[in-house]
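Notes to accompany the following structure.
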Amino acid sequence: MADVLRARIRSGELRPGQRMPTQAQLADEFGVERGTVRQALRILQSEHLLTNMSKGSPATVAPTPAMALVDSSAPPLPTAVALTPRITAAFSVPHVEIDAVCLTSATLTLALGEPLRQIHAERLKPAKVDVRVLLPSRDIDLAFPVPVGEHGHDHPVHRQWLAMRNAQAQVMQHNLLALRSTHGVDVHVTFRALPFTPPVKLYLLNGSEALFAYYTLGRRATEVGDERMETYGTEGSRSMLFSFEAGAGARDNAFVEQSHLWFNSLWETISTELHLTR
């Protein structure tokens with residue numbers, strides 16, 4: 001319950017200064033006792049996301065919840081749940097910087113939808129957005145997704161992955177660059193190609209936060225065109241996302257710093273120019 005409400009606050013669905021639903025309303029929505037509601041609200045209050053908690057009236061969303069630090073003791077969540085509120089929070093500063101290493105950028109493209117919606121609703125107003133994304137090259141034999149027992153970048157599974165990689169990246173690029181004409185935002189989106197399949201996904205936000213998840217492989221039946229085949233693949237949106245934030249302790253500081261060093265070393269050395277063509 002706390003995770004769901006936290007995501008609503010950080011995405012802007014529950015706005016700064018807005019009163020929360022009553023405990024009775026929340027208990028009815030989630031199908032729990034009021035004691036459970038109070039416990040969830042106390043968790044959010046301890047994270048400085050809620051204020052003015054009292055017995056007589058609903059709590060209020062804190063004035064600047066998007067800037068609240070990640071709770072280092074909170075358990076990791078699936079990428080599909082955890083990424084959108086963190087990306088949205090990253091857009092609360094004047095200069096947004098996002099670096100990413102991923103397999104297709106599909107989850108990142110989806111997560112960017114919420115801050116873009118809030119920009120169009122005039123709730124977020126960044127002046128500059130810089131996005132850099134590292135994706136696998138089209139010319140390599142992928143480690144995954146691959147057919148069971150077969151390899152090669154001429155296989156239909158590889159062509160299907162490539163079509164998704166290009167389509168998702170093109171949508172993300174188009175949606176971000178549109179902010180130039182609609183809101184006068186200085187936007188730069190750059191892609192580069194890696195000569196290997198990344199075994200992990202990494203998102204670096206505004207130089208101060210690193211979000212990390214493993215690509216966990218599984219054997220599954222996959223539709224490729226009109227054919228159904230066995231492949232080794234991963235569903236990146238379900239990967240558990242771990243958060244590390246500068247200022248949250250020596251361990252987090254070191255992880256954020258080393259993640260930036262790793263990303264920049266790949267960007268500046270073995271990666272190559274990537275053209276989003278089929």
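Note on naming: chains are A, B, ... as they come in the structure tokens, residues start from 1 per chain, ligands start from 1 in the order shown.
By chain and then residue number, the residues within 7 Å of stretch 163-167 of chain A are Thr104, Ser105, Arg159, Gln160, Gln170, Val171, Leu276, Thr277 and Arg278 of chain A, counting only C-alpha atoms and disregarding those fewer than 3 positions away in sequence.
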Please list as a ChimeraX atom specification every residue within 9 Å of stretch 53-62 of chain A, counting only C-alpha atoms and excluding residues in the same chain fewer than 4 positions away.
/A:9,14-23,41-42,45,48-49
So that I have them on file, write out the residues from the current selection with C-alpha atoms, as a PDB file, in the first residue's frame.
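Wrote it out as part.pdb, contents follow:
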```
ATOM      1  CA  ILE A   9       2.959  11.069  -5.007  1.00  0.00           C
ATOM      2  CA  LEU A  14      -1.145  13.210  -5.786  1.00  0.00           C
ATOM      3  CA  ARG A  15       0.195  16.748  -6.001  1.00  0.00           C
ATOM      4  CA  PRO A  16       2.274  18.726  -3.444  1.00  0.00           C
ATOM      5  CA  GLY A  17      -0.037  20.326  -0.878  1.00  0.00           C
ATOM      6  CA  GLN A  18      -2.984  18.114  -1.852  1.00  0.00           C
ATOM      7  CA  ARG A  19      -4.920  16.351   0.890  1.00  0.00           C
ATOM      8  CA  MET A  20      -4.788  12.571   0.858  1.00  0.00           C
ATOM      9  CA  PRO A  21      -8.001  10.521   0.735  1.00  0.00           C
ATOM     10  CA  THR A  22      -9.427   9.776   4.171  1.00  0.00           C
ATOM     11  CA  GLN A  23      -8.332   6.654   6.019  1.00  0.00           C
ATOM     12  CA  LEU A  41       0.797   6.563   6.050  1.00  0.00           C
ATOM     13  CA  ARG A  42       3.366   6.566   8.862  1.00  0.00           C
ATOM     14  CA  GLN A  45       5.501  10.417   6.745  1.00  0.00           C
ATOM     15  CA  HIS A  48       8.962  13.152   4.361  1.00  0.00           C
ATOM     16  CA  LEU A  49       6.337  12.555   1.677  1.00  0.00           C
TER      17      LEU A  49
END
```
Those in stretch 58-247 of chain A with strand (DSSP E or B) from DSSP, as a PyMOL selection string:
chain A and resi 60-61+77-78+95-101+128-136+146-147+186-194+200-205+209-214+218-224+227-233+240-245
Would you mind listing what lies within 6 Å of stretch 82-95 of chain A as a JSON list (two decimals) with N, CA, C and O atoms, in the first residue's frame, with only C-alpha atoms counted and same-chain residues fewer than 4 positions away left out?
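Final output, saved to around29.json:
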```json
[["chain", "number", "residue", "atom", "x", "y", "z"],
["A", 7, "ALA", "N", 4.28, 5.90, -5.20],
["A", 7, "ALA", "CA", 4.36, 6.08, -6.65],
["A", 7, "ALA", "C", 3.39, 7.17, -7.12],
["A", 7, "ALA", "O", 3.72, 7.96, -8.01],
["A", 10, "ARG", "N", 5.02, 10.57, -6.17],
["A", 10, "ARG", "CA", 6.20, 10.93, -6.96],
["A", 10, "ARG", "C", 5.88, 11.12, -8.43],
["A", 10, "ARG", "O", 6.60, 11.81, -9.14],
["A", 11, "SER", "N", 4.80, 10.51, -8.92],
["A", 11, "SER", "CA", 4.41, 10.71, -10.31],
["A", 11, "SER", "C", 3.61, 11.99, -10.50],
["A", 11, "SER", "O", 3.42, 12.43, -11.63],
["A", 66, "ALA", "N", 8.94, 15.21, -4.63],
["A", 66, "ALA", "CA", 9.79, 14.65, -5.68],
["A", 66, "ALA", "C", 11.25, 14.65, -5.31],
["A", 66, "ALA", "O", 12.05, 13.88, -5.81],
["A", 77, "LEU", "N", 11.78, -2.84, -6.12],
["A", 77, "LEU", "CA", 10.51, -3.08, -6.79],
["A", 77, "LEU", "C", 10.77, -3.41, -8.25],
["A", 77, "LEU", "O", 11.82, -3.08, -8.79],
["A", 111, "ALA", "N", 8.46, 4.93, -19.12],
["A", 111, "ALA", "CA", 8.61, 5.73, -17.89],
["A", 111, "ALA", "C", 8.65, 7.22, -18.19],
["A", 111, "ALA", "O", 8.21, 8.04, -17.38],
["A", 115, "PRO", "N", 6.53, 12.10, -16.90],
["A", 115, "PRO", "CA", 7.05, 13.47, -16.84],
["A", 115, "PRO", "C", 6.68, 14.31, -18.06],
["A", 115, "PRO", "O", 6.45, 15.52, -17.93],
["A", 126, "PRO", "N", 11.25, 21.87, -16.84],
["A", 126, "PRO", "CA", 12.71, 21.86, -17.01],
["A", 126, "PRO", "C", 13.12, 22.79, -18.14],
["A", 126, "PRO", "O", 12.37, 22.98, -19.10],
["A", 127, "ALA", "N", 14.32, 23.35, -18.03],
["A", 127, "ALA", "CA", 14.83, 24.22, -19.09],
["A", 127, "ALA", "C", 15.69, 23.45, -20.09],
["A", 127, "ALA", "O", 15.79, 23.83, -21.25],
["A", 128, "LYS", "N", 16.32, 22.36, -19.61],
["A", 128, "LYS", "CA", 17.22, 21.60, -20.47],
["A", 128, "LYS", "C", 17.13, 20.12, -20.13],
["A", 128, "LYS", "O", 17.03, 19.76, -18.96],
["A", 129, "VAL", "N", 17.15, 19.27, -21.15],
["A", 129, "VAL", "CA", 17.09, 17.82, -20.96],
["A", 129, "VAL", "C", 18.17, 17.18, -21.82],
["A", 129, "VAL", "O", 18.18, 17.36, -23.04]]
```
Give me, please, the distance in Å between atom CA of A:Tyr215 and atom CA of A:Gly236, quoted to one decimal.
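Distance reported for this atom pair: 6.2 Å.
Straight-line separation from atom CA of A:Gln168 to atom CA of A:Ala106: 5.5 Å.
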Apply DSSP to the structure's backbone, then extract all residues of stretch 22-226 of chain A labelled helix (DSSP H, G or I) and return them as a PyMOL selection string.
chain A and resi 23-30+34-46+65-67+79-90+106-111+113-120+156-183
Considering only C-alpha atoms, return as a list of chain:residue names whatever protein or nucleic-acid residues lie within 10 Å of A:Gly218, sequence-local ones (same chain, fewer than 3 positions apart) excluded.
A:Phe144, A:Pro145, A:Tyr215, A:Ala221, A:Thr231, A:Tyr232, A:Gly233, A:Thr234, A:Glu235
What does the file look like for those residues with C-alpha atoms, as a compact mmCIF listing (two decimals), in the first residue's frame?
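Result file follows (out19.txt):
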```txt
# COMPACT_ATOMS: atom_id res chain seq x y z
CA PHE A 144 19.78 -12.79 -25.62
CA PRO A 145 17.10 -12.88 -26.88
CA TYR A 215 18.42 -9.07 -16.80
CA ALA A 221 7.73 -19.70 -25.99
CA THR A 231 13.89 -18.70 -26.93
CA TYR A 232 16.14 -17.56 -24.13
CA GLY A 233 14.91 -14.10 -23.22
CA THR A 234 14.11 -11.69 -20.45
CA GLU A 235 11.24 -9.41 -19.47
```
Quick one: distance from atom CA of A:Ile140 to atom CA of A:Trp161 in Å, one decimal?
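Separation between atom CA of A:Ile140 and atom CA of A:Trp161: 12.1 Å.
Nearest-residue note for A:Leu176: choosing from A:Arg138, A:His188, A:Arg251, A:Arg228, the minimum distance belongs to A:His188, counting only C-alpha atoms.
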Using only C-alpha atoms, pick whichever of A:Gly12, A:Val131, A:Ala169, A:Phe191 has the shortest atom-to-atom distance to A:Glu114.
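Going through A:Gly12, A:Val131, A:Ala169, A:Phe191 one by one, the smallest distance to A:Glu114 is for A:Gly12.
Considering the residues A:Gly247, A:Leu142, A:Ser46, A:Ala24 and counting only C-alpha atoms, A:Asp154 has its shortest atom-to-atom contact with A:Leu142.
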